[in-house]
>>> print(open('coords_39.txt').read())   # compact mmCIF, C-alpha atoms and all ligand atoms
# COMPACT_ATOMS: atom_id res chain seq x y z
CA MET A 552 -17.75 -13.07 11.30
CA SER A 553 -14.63 -14.91 10.34
CA CYS A 554 -11.81 -12.46 10.97
CA ARG A 555 -9.68 -12.74 14.11
CA ILE A 556 -7.70 -9.76 15.36
CA LEU A 557 -4.66 -11.07 17.25
CA GLU A 558 -2.27 -9.20 19.50
CA PRO A 559 1.25 -9.56 18.07
CA SER A 560 2.59 -11.84 20.82
CA THR A 561 5.49 -14.18 20.04
CA GLN A 562 3.06 -17.08 20.16
CA ASN A 563 0.59 -15.48 17.75
CA ILE A 564 3.38 -14.50 15.36
CA LEU A 565 4.65 -18.09 15.38
CA ALA A 566 1.15 -19.44 14.72
CA ALA A 567 0.69 -16.93 11.87
CA ALA A 568 4.06 -17.95 10.42
CA LYS A 569 2.91 -21.55 10.46
CA ARG A 570 -0.27 -20.58 8.64
CA LEU A 571 1.81 -18.90 5.93
CA GLN A 572 3.95 -22.02 5.59
CA GLN A 573 0.80 -24.09 5.15
CA GLY A 574 -0.33 -21.87 2.28
CA GLU A 575 -2.91 -19.86 4.20
CA LEU A 576 -3.36 -16.09 4.11
CA VAL A 577 -2.44 -13.87 7.07
CA VAL A 578 -2.96 -10.12 7.45
CA LEU A 579 0.16 -8.32 8.65
CA PRO A 580 0.75 -4.72 9.71
CA THR A 581 3.38 -2.69 7.89
CA GLU A 582 4.49 0.92 8.40
CA THR A 583 2.49 1.96 5.30
CA VAL A 584 -0.80 -0.01 5.26
CA TYR A 585 -1.95 -3.51 6.33
CA GLY A 586 -1.05 -6.27 3.88
CA LEU A 587 -2.87 -9.47 2.89
CA GLY A 588 0.08 -11.86 3.04
CA ALA A 589 0.82 -15.25 1.51
CA ASP A 590 3.87 -17.41 0.85
CA ALA A 591 5.23 -15.81 -2.34
CA THR A 592 6.62 -19.15 -3.52
CA ASN A 593 3.25 -20.91 -3.33
CA ASP A 594 1.11 -20.48 -6.48
CA LYS A 595 -2.08 -21.55 -4.80
CA ALA A 596 -1.60 -19.24 -1.83
CA VAL A 597 -0.87 -16.31 -4.17
CA ALA A 598 -3.92 -17.16 -6.26
CA ASN A 599 -5.98 -16.98 -3.08
CA ILE A 600 -4.85 -13.38 -2.53
CA TYR A 601 -6.22 -12.43 -5.94
CA ALA A 602 -9.43 -14.33 -5.24
CA LEU A 603 -10.05 -12.77 -1.83
CA LYS A 604 -9.29 -9.24 -3.04
CA GLY A 605 -11.29 -9.67 -6.22
CA ARG A 606 -8.21 -8.32 -7.97
CA PRO A 607 -7.72 -8.38 -11.73
CA THR A 608 -4.95 -10.89 -12.30
CA PHE A 609 -2.87 -8.51 -14.39
CA ASN A 610 -2.07 -6.41 -11.33
CA PRO A 611 1.16 -7.80 -9.85
CA LEU A 612 1.93 -7.97 -6.12
CA ILE A 613 4.74 -6.72 -3.88
CA VAL A 614 7.04 -9.30 -2.28
CA HIS A 615 8.17 -8.53 1.28
CA VAL A 616 11.50 -9.84 2.54
CA ALA A 617 13.60 -9.51 5.71
CA ASP A 618 16.62 -7.71 4.26
CA THR A 619 18.55 -6.78 1.12
CA ALA A 620 20.47 -10.08 1.12
CA SER A 621 17.18 -12.01 0.92
CA ALA A 622 15.94 -9.75 -1.88
CA GLN A 623 19.06 -10.63 -3.85
CA HIS A 624 17.91 -14.27 -4.01
CA TYR A 625 14.95 -13.21 -6.11
CA VAL A 626 15.92 -10.13 -8.13
CA THR A 627 18.99 -8.72 -9.84
CA PHE A 628 20.21 -5.55 -8.19
CA THR A 629 21.57 -2.60 -10.18
CA PRO A 630 23.86 0.06 -8.70
CA LEU A 631 20.81 2.34 -8.51
CA ALA A 632 18.82 -0.29 -6.59
CA GLU A 633 21.72 -0.85 -4.18
CA MET A 634 21.92 2.85 -3.45
CA LEU A 635 18.18 3.14 -2.81
CA ALA A 636 17.96 -0.05 -0.70
CA LYS A 637 20.88 1.05 1.45
CA VAL A 638 19.17 4.27 2.44
CA PHE A 639 15.46 3.44 2.38
CA TRP A 640 15.25 -0.21 3.56
CA PRO A 641 13.62 -1.17 5.80
CA GLY A 642 11.03 1.38 4.73
CA PRO A 643 8.27 2.51 2.38
CA LEU A 644 10.12 1.96 -0.90
CA THR A 645 9.40 -0.86 -3.36
CA LEU A 646 11.96 -1.66 -6.05
CA VAL A 647 10.93 -3.17 -9.39
CA LEU A 648 13.82 -5.30 -10.62
CA GLU A 649 14.56 -8.12 -13.03
CA ARG A 650 13.48 -11.52 -11.66
CA GLN A 651 16.41 -13.90 -11.04
CA LYS A 652 16.29 -16.77 -13.50
CA GLY A 653 14.96 -19.91 -11.83
CA CYS A 654 14.01 -18.09 -8.65
CA LYS A 655 11.41 -19.76 -6.49
CA LEU A 656 8.83 -16.98 -6.52
CA SER A 657 5.44 -17.85 -7.94
CA LEU A 658 5.04 -16.50 -11.48
CA LEU A 659 1.64 -15.29 -10.42
CA VAL A 660 3.30 -12.76 -8.10
CA SER A 661 4.54 -10.81 -11.12
CA ALA A 662 1.42 -11.55 -13.17
CA GLY A 663 3.40 -12.69 -16.16
CA LEU A 664 6.06 -9.94 -16.13
CA ASP A 665 9.78 -10.70 -15.98
CA THR A 666 10.16 -8.25 -13.10
CA VAL A 667 9.36 -8.41 -9.40
CA ALA A 668 8.36 -5.59 -7.04
CA ILE A 669 10.12 -6.14 -3.72
CA ARG A 670 10.58 -4.33 -0.42
CA VAL A 671 11.77 -4.67 3.19
CA PRO A 672 9.02 -3.30 5.44
CA ALA A 673 9.87 -1.26 8.55
CA HIS A 674 7.32 -2.72 10.95
CA PRO A 675 8.67 -4.97 13.73
CA VAL A 676 5.66 -7.32 13.52
CA ALA A 677 6.00 -7.72 9.73
CA LEU A 678 9.73 -8.40 10.09
CA ALA A 679 9.17 -10.90 12.92
CA LEU A 680 6.55 -12.73 10.86
CA ILE A 681 8.76 -12.90 7.75
CA ALA A 682 11.68 -14.12 9.85
CA SER A 683 9.74 -16.83 11.65
CA ALA A 684 8.05 -18.06 8.47
CA ASN A 685 11.43 -17.87 6.71
CA LEU A 686 9.57 -17.07 3.49
CA PRO A 687 9.19 -14.17 1.07
CA VAL A 688 5.68 -12.81 1.69
CA ALA A 689 3.55 -11.51 -1.18
CA ALA A 690 1.22 -8.87 0.22
CA PRO A 691 -1.00 -6.33 -1.47
CA SER A 692 -2.93 -3.90 0.68
CA ALA A 693 -5.54 -5.84 2.68
CA ASN A 694 -8.63 -4.35 1.06
CA ARG A 695 -10.97 -5.47 -1.66
CA SER A 696 -9.75 -4.39 -5.09
CA GLY A 697 -10.43 -0.71 -5.77
CA LYS A 698 -11.37 0.10 -2.17
CA ILE A 699 -9.65 2.19 0.51
CA SER A 700 -6.42 0.72 1.90
CA PRO A 701 -6.57 -0.32 5.59
CA THR A 702 -4.39 1.47 8.13
CA GLN A 703 -5.85 -0.20 11.23
CA ALA A 704 -6.71 -3.83 12.02
CA SER A 705 -10.42 -2.96 12.33
CA HIS A 706 -10.42 -1.65 8.71
CA VAL A 707 -9.39 -5.11 7.53
CA VAL A 708 -12.34 -6.65 9.37
CA GLU A 709 -14.65 -4.19 7.54
CA GLU A 710 -13.22 -5.41 4.22
CA PHE A 711 -13.28 -9.15 4.78
CA CYS A 712 -15.87 -9.93 7.48
CA GLU A 713 -17.90 -11.87 4.90
CA ASN A 714 -14.93 -14.10 4.21
CA PRO A 715 -16.02 -17.75 4.36
CA GLU A 716 -12.70 -18.89 5.81
CA GLU A 717 -11.11 -17.64 8.97
CA LEU A 718 -8.61 -14.83 8.41
CA SER A 719 -6.00 -14.02 11.09
CA ILE A 720 -5.09 -10.36 11.44
CA LEU A 721 -1.97 -9.46 13.41
CA ASP A 722 -2.70 -6.15 15.12
CA GLY A 723 0.24 -3.76 14.85
CA GLY A 724 -1.73 -0.62 15.74
CA ALA A 725 -2.33 2.32 13.40
CA CYS A 726 0.16 2.46 10.50
CA ASP A 727 2.75 5.23 10.98
CA ILE A 728 2.93 6.34 7.36
CA GLY A 729 -0.60 5.63 6.19
CA VAL A 730 -0.03 5.67 2.40
CA GLU A 731 1.52 2.84 0.43
CA SER A 732 5.17 2.49 -0.47
CA THR A 733 6.69 4.38 -3.39
CA VAL A 734 7.18 1.97 -6.31
CA VAL A 735 10.38 2.63 -8.27
CA ASP A 736 11.58 0.84 -11.39
CA ALA A 737 15.31 0.68 -10.60
CA ARG A 738 16.43 -1.50 -13.50
CA GLY A 739 18.16 1.29 -15.38
CA GLU A 740 20.23 4.34 -14.53
CA LEU A 741 17.31 6.65 -13.82
CA PRO A 742 14.82 6.00 -11.03
CA ILE A 743 11.36 5.70 -12.58
CA ILE A 744 8.57 6.27 -10.06
CA LEU A 745 5.60 4.07 -10.95
CA ARG A 746 3.56 4.96 -7.87
CA LEU A 747 3.98 7.90 -5.50
CA GLY A 748 4.14 6.91 -1.83
CA GLY A 749 5.94 7.14 1.49
CA VAL A 750 9.34 8.09 0.02
CA THR A 751 9.07 11.38 -1.88
CA PRO A 752 10.64 12.15 -5.29
CA ALA A 753 12.82 14.76 -3.57
CA MET A 754 14.19 12.14 -1.14
CA ILE A 755 15.03 9.87 -4.09
CA GLU A 756 16.75 12.71 -5.93
CA ASP A 757 18.76 13.59 -2.80
CA VAL A 758 20.10 10.07 -2.49
CA THR A 759 20.74 9.28 -6.15
CA GLY A 760 21.59 12.72 -7.48
CA LYS A 761 19.18 11.95 -10.32
CA LYS A 762 15.81 13.48 -11.03
CA PRO A 763 13.30 10.63 -10.93
CA VAL A 764 10.87 10.14 -13.81
CA LEU A 765 7.40 10.82 -12.38
CA PRO A 766 4.40 8.48 -12.70
CA GLU A 767 2.61 10.42 -15.41
CA ALA A 768 5.57 10.20 -17.75
CA ALA A 769 6.25 6.63 -16.65
CA SER A 770 2.72 5.42 -17.37
CA LYS A 771 2.91 6.98 -20.85
CA ALA A 772 5.88 4.72 -21.46
CA LEU A 773 3.73 1.79 -20.27
CA HIS A 774 6.06 0.97 -17.42
CA SER A 775 3.29 0.41 -14.91
CA PRO A 776 1.04 -2.41 -15.99
CA GLY A 777 -0.94 -2.58 -12.82
CA MET A 778 -1.81 1.03 -12.24
CA LEU A 779 -5.58 0.97 -12.24
CA GLU A 780 -7.03 4.41 -12.79
CA SER A 781 -9.84 4.19 -10.26
CA HIS A 782 -8.67 3.01 -6.88
CA TYR A 783 -8.87 3.72 -3.15
CA ALA A 784 -12.51 4.57 -3.73
CA PRO A 785 -15.05 5.31 -1.01
CA THR A 786 -18.66 4.37 -1.79
CA LEU A 787 -19.72 8.04 -1.77
CA PRO A 788 -18.66 10.37 -4.60
CA LEU A 789 -15.58 12.42 -3.78
CA ARG A 790 -15.24 16.07 -4.88
CA LEU A 791 -11.71 17.51 -4.96
CA ASN A 792 -10.28 20.96 -4.21
CA ALA A 793 -13.34 22.02 -2.26
CA THR A 794 -13.20 25.20 -0.22
CA GLN A 795 -16.69 24.73 1.30
CA PRO A 796 -18.81 21.60 1.64
CA HIS A 797 -22.17 21.73 -0.17
CA SER A 798 -25.25 20.77 1.79
CA LEU A 799 -25.37 16.99 2.34
CA GLU A 800 -21.62 16.72 1.88
CA ALA A 801 -19.10 15.62 4.50
CA LEU A 802 -15.78 17.50 4.57
CA LEU A 803 -12.30 15.98 4.44
CA ALA A 804 -10.62 19.08 5.82
CA PHE A 805 -6.98 20.18 5.91
CA GLY A 806 -5.22 22.98 7.76
CA PRO A 807 -6.13 25.64 10.32
CA ASP A 808 -8.65 27.51 8.15
CA ALA A 809 -11.11 24.68 7.53
CA PRO A 810 -14.78 25.79 7.47
CA GLU A 811 -17.17 24.53 10.16
CA CYS A 812 -19.27 21.58 9.06
CA GLU A 813 -21.22 18.90 10.94
CA HIS A 814 -19.57 15.96 9.22
CA SER A 815 -15.97 17.08 9.08
CA LEU A 816 -12.65 15.44 9.87
CA ASN A 817 -9.43 17.44 9.65
CA LEU A 818 -6.46 15.49 8.23
CA SER A 819 -4.10 17.92 9.93
CA PRO A 820 -5.36 21.03 11.74
CA THR A 821 -1.79 22.39 11.70
CA GLY A 822 -1.40 21.77 7.95
CA ASN A 823 1.20 19.01 8.24
CA VAL A 824 1.22 16.63 5.21
CA VAL A 825 2.92 13.79 7.12
CA GLU A 826 0.13 13.80 9.71
CA ALA A 827 -2.42 14.06 6.89
CA ALA A 828 -1.02 10.97 5.13
CA ALA A 829 -1.27 8.93 8.33
CA ASN A 830 -4.95 9.94 8.75
CA LEU A 831 -6.03 9.84 5.09
CA PHE A 832 -7.49 6.34 4.64
CA ALA A 833 -8.99 6.10 8.15
CA PHE A 834 -10.80 9.43 7.68
CA LEU A 835 -12.06 8.52 4.18
CA ARG A 836 -13.49 5.30 5.64
CA GLU A 837 -15.09 7.17 8.53
CA LEU A 838 -16.68 9.90 6.34
CA ASP A 839 -17.92 7.22 3.95
CA LYS A 840 -20.20 5.99 6.79
CA ARG A 841 -21.80 9.38 7.51
CA PRO A 842 -25.41 10.11 6.46
CA VAL A 843 -24.42 12.36 3.53
CA LYS A 844 -24.51 12.23 -0.28
CA GLY A 845 -20.84 12.89 -0.94
CA ILE A 846 -17.45 13.84 0.44
CA ALA A 847 -15.73 17.14 -0.34
CA ALA A 848 -11.95 17.17 0.04
CA MET A 849 -10.03 20.39 0.64
CA PRO A 850 -6.84 21.00 -1.37
CA ILE A 851 -3.62 19.47 -0.02
CA PRO A 852 -0.26 21.17 -0.72
CA HIS A 853 1.46 19.43 -3.64
CA GLU A 854 4.77 18.81 -1.87
CA GLY A 855 6.42 16.02 0.12
CA LEU A 856 3.87 13.35 1.09
CA GLY A 857 1.21 15.69 -0.32
CA LEU A 858 2.12 14.28 -3.76
CA ALA A 859 1.08 10.76 -2.69
CA ILE A 860 -2.03 12.06 -0.91
CA ASN A 861 -3.15 13.97 -4.03
CA ASP A 862 -2.50 10.91 -6.19
CA ARG A 863 -4.72 8.75 -3.93
CA LEU A 864 -7.45 11.42 -3.77
CA ALA A 865 -7.46 11.82 -7.57
CA ARG A 866 -7.89 8.06 -8.02
CA ALA A 867 -10.57 7.88 -5.33
CA ALA A 868 -12.51 10.64 -7.14
CA ARG A 869 -12.40 8.82 -10.48
CA ARG A 870 -15.18 6.37 -11.05
O1 LIG A 901 2.93 -0.10 1.04
C1 LIG A 901 2.72 -0.99 0.23
O2 LIG A 901 3.35 -1.07 -0.83
C2 LIG A 901 1.65 -2.05 0.59
C3 LIG A 901 2.16 -2.80 1.81
C4 LIG A 901 1.25 -3.94 2.21
O3 LIG A 901 3.46 -3.24 1.58
N1 LIG A 901 1.42 -2.91 -0.51
C5 LIG A 901 0.76 -2.52 -1.62
O4 LIG A 901 0.60 -3.50 -2.54
O5 LIG A 901 0.34 -1.39 -1.78
P1 LIG A 901 -0.41 -3.40 -3.76
O6 LIG A 901 -0.42 -4.78 -4.30
O7 LIG A 901 -1.72 -2.86 -3.30
O8 LIG A 901 0.26 -2.46 -4.78
C6 LIG A 901 1.33 -2.94 -5.57
C7 LIG A 901 1.74 -1.91 -6.59
C8 LIG A 901 0.72 -1.83 -7.71
O9 LIG A 901 0.61 -0.49 -8.13
C9 LIG A 901 1.37 -2.71 -8.78
O10 LIG A 901 0.96 -2.39 -10.07
C10 LIG A 901 2.83 -2.41 -8.57
O11 LIG A 901 2.97 -2.30 -7.18
N2 LIG A 901 3.67 -3.52 -9.04
C11 LIG A 901 3.80 -4.74 -8.48
N3 LIG A 901 4.64 -5.50 -9.19
C12 LIG A 901 5.07 -4.76 -10.23
C13 LIG A 901 5.96 -5.01 -11.32
N4 LIG A 901 6.57 -6.17 -11.47
N5 LIG A 901 6.16 -4.00 -12.19
C14 LIG A 901 5.54 -2.81 -12.02
N6 LIG A 901 4.69 -2.52 -11.02
C15 LIG A 901 4.46 -3.48 -10.13
MG MG A 902 -3.63 -1.54 -2.93
>>> encode(input="coords_39.txt", output="structure tokens", more="lines below")
Ligand code: TXA
Ligand code: MG
Amino acid sequence: MSCRILEPSTQNILAAAKRLQQGELVVLPTETVYGLGADATNDKAVANIYALKGRPTFNPLIVHVADTASAQHYVTFTPLAEMLAKVFWPGPLTLVLERQKGCKLSLLVSAGLDTVAIRVPAHPVALALIASANLPVAAPSANRSGKISPTQASHVVEEFCENPEELSILDGGACDIGVESTVVDARGELPIILRLGGVTPAMIEDVTGKKPVLPEAASKALHSPGMLESHYAPTLPLRLNATQPHSLEALLAFGPDAPECEHSLNLSPTGNVVEAAANLFAFLRELDKRPVKGIAAMPIPHEGLGLAINDRLARAARR
């Protein structure tokens, strides 16, 4: 096996920063999911992300920076973006903005678009790594393309243990949020949500006073080039809105009234969507290993983080 899980000591963070500077890949924890990081200014390093993930090259990557001032080196802020960054950074919000002319970011990061998706993560280990490397870090979720996003260091090992080169994984524990960041096109006056995630549409409306355009409408307008339909997929078929598991099905349960079943994991026995989001990917991975023919998922309330959970479940069920 060629993955190394490292405790996030100062020494290990420094060594990982050095690896980034030398164009190698490093896995870093964030508050949403683990990221497969590379120097975002290094074409070859960014190309290696695509290669290791087996990702179609038209799907652009998120650039992670230390603070808003650093982001301003690479993208042009609008008043809307400033408002959102002020409230939600560091945190699970990614802003899609116009790339600064002549900026040093690899063109491969934006896969040919004239925009860049950028965010300031809220995990101390991610921030320490970015600061010691003194680089913008391109990082998609650290899973193979189309598979379930990792929310623990051990998940990353499951994804990349066949990797021919050694991959360092900084262990930041289980991710607090557990679903990816919300991606918002903030180039205009209206926030356009390209991907639902850790910051809810209601939170964005509260801060901006504007009703965000939701992903379905946004994708009709072709704003989201990289939104693959099938994604986050377990190996087993996933059946949605189940009230009872069939025989030979495992149950991804939710809430206090879940039926009894041998292979069952409850995302939140109390019916809390925040807790459910944090458990979602780990439980999908776990049920995917059970000796069953499929996974049945109970309905999740379509509110707050439930919107992002239902989006991920719908994609995981599509194949
Ligand atoms: O929480 C997260 O966002 C995690 C952690 C590691 O930060 N990262 C993540 O990255 O989920 P990734 O690469 O798996 O997802 C990036 C999303 C994709 O849906 C992609 O299409 C979109 O962001 N995206 C990236 N650049 C874009 C751009 N220039 N315009 C529109 N969408 C973009
Ligand atoms: Mg991903």
>>> atom_distance(input="coords_39.txt", atom1="atom CA of A:Ile728", atom2="atom CA of A:Leu864")
16.0 Å
>>> residues_around(input="coords_39.txt", residues="stretch 748-757 of chain A", least_positions_apart="2", cutoff="7 Å", atoms="only C-alpha atoms", output="list in words")
Pro643, Leu644, Ile728, Val730, Glu731, Ser732, Thr733, Arg746, Thr759, Gly760, Lys761, Lys762, Pro763, Gly855, Leu856 and Ala859 of chain A
>>> residues_around(input="coords_39.txt", residues="stretch 683-700 of chain A", least_positions_apart="6", cutoff="9 Å", atoms="only C-alpha atoms", output="number ranges by chain")
A: 564-565, 567-572, 578-579, 584-592, 597, 600-601, 603-607, 611-617, 621-622, 656, 660, 669, 706-707, 709-711, 729-731, 779, 781-786, 832-833, 835-836, 867
>>> atom_distance(input="coords_39.txt", atom1="atom CA of A:Ala602", atom2="atom CA of A:Arg670")
22.9 Å
>>> closest_residue(input="coords_39.txt", among="A:Asp722, A:Asp736, A:Asp665, A:Glu800", to="A:Thr645", atoms="all atoms listed in the file")
A:Asp736
>>> decode(input="coords_39.txt", residues="stretch 827-859 of chain A", atoms="N, CA and C atoms", output="PDB file, in the first residue's frame")
ATOM      1  N   ALA A 827     -26.928  14.321  10.063  1.00  0.00           N
ATOM      2  CA  ALA A 827     -27.048  13.391   8.926  1.00  0.00           C
ATOM      3  C   ALA A 827     -26.027  13.714   7.841  1.00  0.00           C
ATOM      4  N   ALA A 828     -25.806  15.003   7.572  1.00  0.00           N
ATOM      5  CA  ALA A 828     -24.824  15.392   6.550  1.00  0.00           C
ATOM      6  C   ALA A 828     -23.432  14.916   6.946  1.00  0.00           C
ATOM      7  N   ALA A 829     -23.097  15.080   8.224  1.00  0.00           N
ATOM      8  CA  ALA A 829     -21.759  14.680   8.691  1.00  0.00           C
ATOM      9  C   ALA A 829     -21.556  13.172   8.555  1.00  0.00           C
ATOM     10  N   ASN A 830     -22.629  12.384   8.670  1.00  0.00           N
ATOM     11  CA  ASN A 830     -22.508  10.919   8.606  1.00  0.00           C
ATOM     12  C   ASN A 830     -22.694  10.355   7.202  1.00  0.00           C
ATOM     13  N   LEU A 831     -23.239  11.152   6.276  1.00  0.00           N
ATOM     14  CA  LEU A 831     -23.728  10.624   4.998  1.00  0.00           C
ATOM     15  C   LEU A 831     -22.711   9.764   4.245  1.00  0.00           C
ATOM     16  N   PHE A 832     -21.559  10.325   3.906  1.00  0.00           N
ATOM     17  CA  PHE A 832     -20.617   9.608   3.036  1.00  0.00           C
ATOM     18  C   PHE A 832     -19.979   8.419   3.751  1.00  0.00           C
ATOM     19  N   ALA A 833     -19.701   8.566   5.060  1.00  0.00           N
ATOM     20  CA  ALA A 833     -19.098   7.452   5.813  1.00  0.00           C
ATOM     21  C   ALA A 833     -20.078   6.269   5.855  1.00  0.00           C
ATOM     22  N   PHE A 834     -21.367   6.566   6.056  1.00  0.00           N
ATOM     23  CA  PHE A 834     -22.356   5.485   6.153  1.00  0.00           C
ATOM     24  C   PHE A 834     -22.598   4.830   4.789  1.00  0.00           C
ATOM     25  N   LEU A 835     -22.604   5.638   3.713  1.00  0.00           N
ATOM     26  CA  LEU A 835     -22.757   5.054   2.369  1.00  0.00           C
ATOM     27  C   LEU A 835     -21.606   4.095   2.084  1.00  0.00           C
ATOM     28  N   ARG A 836     -20.391   4.522   2.442  1.00  0.00           N
ATOM     29  CA  ARG A 836     -19.220   3.651   2.251  1.00  0.00           C
ATOM     30  C   ARG A 836     -19.360   2.362   3.035  1.00  0.00           C
ATOM     31  N   GLU A 837     -19.797   2.503   4.296  1.00  0.00           N
ATOM     32  CA  GLU A 837     -19.900   1.334   5.173  1.00  0.00           C
ATOM     33  C   GLU A 837     -20.967   0.365   4.637  1.00  0.00           C
ATOM     34  N   LEU A 838     -22.140   0.870   4.267  1.00  0.00           N
ATOM     35  CA  LEU A 838     -23.215  -0.020   3.784  1.00  0.00           C
ATOM     36  C   LEU A 838     -22.833  -0.676   2.463  1.00  0.00           C
ATOM     37  N   ASP A 839     -22.020   0.024   1.687  1.00  0.00           N
ATOM     38  CA  ASP A 839     -21.572  -0.500   0.392  1.00  0.00           C
ATOM     39  C   ASP A 839     -20.742  -1.784   0.566  1.00  0.00           C
ATOM     40  N   LYS A 840     -20.213  -2.005   1.795  1.00  0.00           N
ATOM     41  CA  LYS A 840     -19.375  -3.190   2.042  1.00  0.00           C
ATOM     42  C   LYS A 840     -20.189  -4.356   2.592  1.00  0.00           C
ATOM     43  N   ARG A 841     -21.461  -4.136   2.903  1.00  0.00           N
ATOM     44  CA  ARG A 841     -22.255  -5.196   3.522  1.00  0.00           C
ATOM     45  C   ARG A 841     -22.650  -6.263   2.493  1.00  0.00           C
ATOM     46  N   PRO A 842     -22.920  -7.488   2.950  1.00  0.00           N
ATOM     47  CA  PRO A 842     -23.276  -8.568   2.024  1.00  0.00           C
ATOM     48  C   PRO A 842     -24.736  -8.482   1.588  1.00  0.00           C
ATOM     49  N   VAL A 843     -25.062  -7.447   0.818  1.00  0.00           N
ATOM     50  CA  VAL A 843     -26.441  -7.208   0.363  1.00  0.00           C
ATOM     51  C   VAL A 843     -26.418  -6.913  -1.132  1.00  0.00           C
ATOM     52  N   LYS A 844     -27.628  -6.752  -1.717  1.00  0.00           N
ATOM     53  CA  LYS A 844     -27.704  -6.515  -3.167  1.00  0.00           C
ATOM     54  C   LYS A 844     -27.960  -5.051  -3.501  1.00  0.00           C
ATOM     55  N   GLY A 845     -28.309  -4.270  -2.461  1.00  0.00           N
ATOM     56  CA  GLY A 845     -28.596  -2.863  -2.713  1.00  0.00           C
ATOM     57  C   GLY A 845     -28.729  -2.092  -1.410  1.00  0.00           C
ATOM     58  N   ILE A 846     -28.839  -0.779  -1.547  1.00  0.00           N
ATOM     59  CA  ILE A 846     -29.017   0.080  -0.373  1.00  0.00           C
ATOM     60  C   ILE A 846     -30.319   0.857  -0.546  1.00  0.00           C
ATOM     61  N   ALA A 847     -31.168   0.823   0.471  1.00  0.00           N
ATOM     62  CA  ALA A 847     -32.398   1.613   0.458  1.00  0.00           C
ATOM     63  C   ALA A 847     -32.190   2.823   1.360  1.00  0.00           C
ATOM     64  N   ALA A 848     -32.498   4.008   0.849  1.00  0.00           N
ATOM     65  CA  ALA A 848     -32.326   5.218   1.659  1.00  0.00           C
ATOM     66  C   ALA A 848     -33.692   5.785   2.033  1.00  0.00           C
ATOM     67  N   MET A 849     -33.862   6.067   3.318  1.00  0.00           N
ATOM     68  CA  MET A 849     -35.127   6.679   3.766  1.00  0.00           C
ATOM     69  C   MET A 849     -35.168   8.148   3.345  1.00  0.00           C
ATOM     70  N   PRO A 850     -36.382   8.732   3.252  1.00  0.00           N
ATOM     71  CA  PRO A 850     -36.462  10.143   2.864  1.00  0.00           C
ATOM     72  C   PRO A 850     -35.820  11.061   3.907  1.00  0.00           C
ATOM     73  N   ILE A 851     -35.211  12.137   3.409  1.00  0.00           N
ATOM     74  CA  ILE A 851     -34.580  13.140   4.269  1.00  0.00           C
ATOM     75  C   ILE A 851     -35.369  14.433   4.070  1.00  0.00           C
ATOM     76  N   PRO A 852     -35.687  15.155   5.140  1.00  0.00           N
ATOM     77  CA  PRO A 852     -36.454  16.410   4.972  1.00  0.00           C
ATOM     78  C   PRO A 852     -35.729  17.372   4.019  1.00  0.00           C
ATOM     79  N   HIS A 853     -36.503  17.989   3.128  1.00  0.00           N
ATOM     80  CA  HIS A 853     -35.908  18.835   2.097  1.00  0.00           C
ATOM     81  C   HIS A 853     -35.747  20.260   2.614  1.00  0.00           C
ATOM     82  N   GLU A 854     -34.949  20.420   3.651  1.00  0.00           N
ATOM     83  CA  GLU A 854     -34.728  21.758   4.225  1.00  0.00           C
ATOM     84  C   GLU A 854     -33.337  21.835   4.824  1.00  0.00           C
ATOM     85  N   GLY A 855     -32.778  23.035   4.884  1.00  0.00           N
ATOM     86  CA  GLY A 855     -31.425  23.212   5.423  1.00  0.00           C
ATOM     87  C   GLY A 855     -30.435  22.321   4.691  1.00  0.00           C
ATOM     88  N   LEU A 856     -29.536  21.649   5.439  1.00  0.00           N
ATOM     89  CA  LEU A 856     -28.550  20.772   4.800  1.00  0.00           C
ATOM     90  C   LEU A 856     -29.205  19.564   4.139  1.00  0.00           C
ATOM     91  N   GLY A 857     -30.475  19.331   4.420  1.00  0.00           N
ATOM     92  CA  GLY A 857     -31.216  18.258   3.750  1.00  0.00           C
ATOM     93  C   GLY A 857     -31.237  18.452   2.243  1.00  0.00           C
ATOM     94  N   LEU A 858     -31.194  19.705   1.775  1.00  0.00           N
ATOM     95  CA  LEU A 858     -31.163  19.973   0.323  1.00  0.00           C
ATOM     96  C   LEU A 858     -29.901  19.376  -0.287  1.00  0.00           C
ATOM     97  N   ALA A 859     -28.745  19.602   0.357  1.00  0.00           N
ATOM     98  CA  ALA A 859     -27.481  19.064  -0.169  1.00  0.00           C
ATOM     99  C   ALA A 859     -27.469  17.540  -0.061  1.00  0.00           C
TER     100      ALA A 859
END
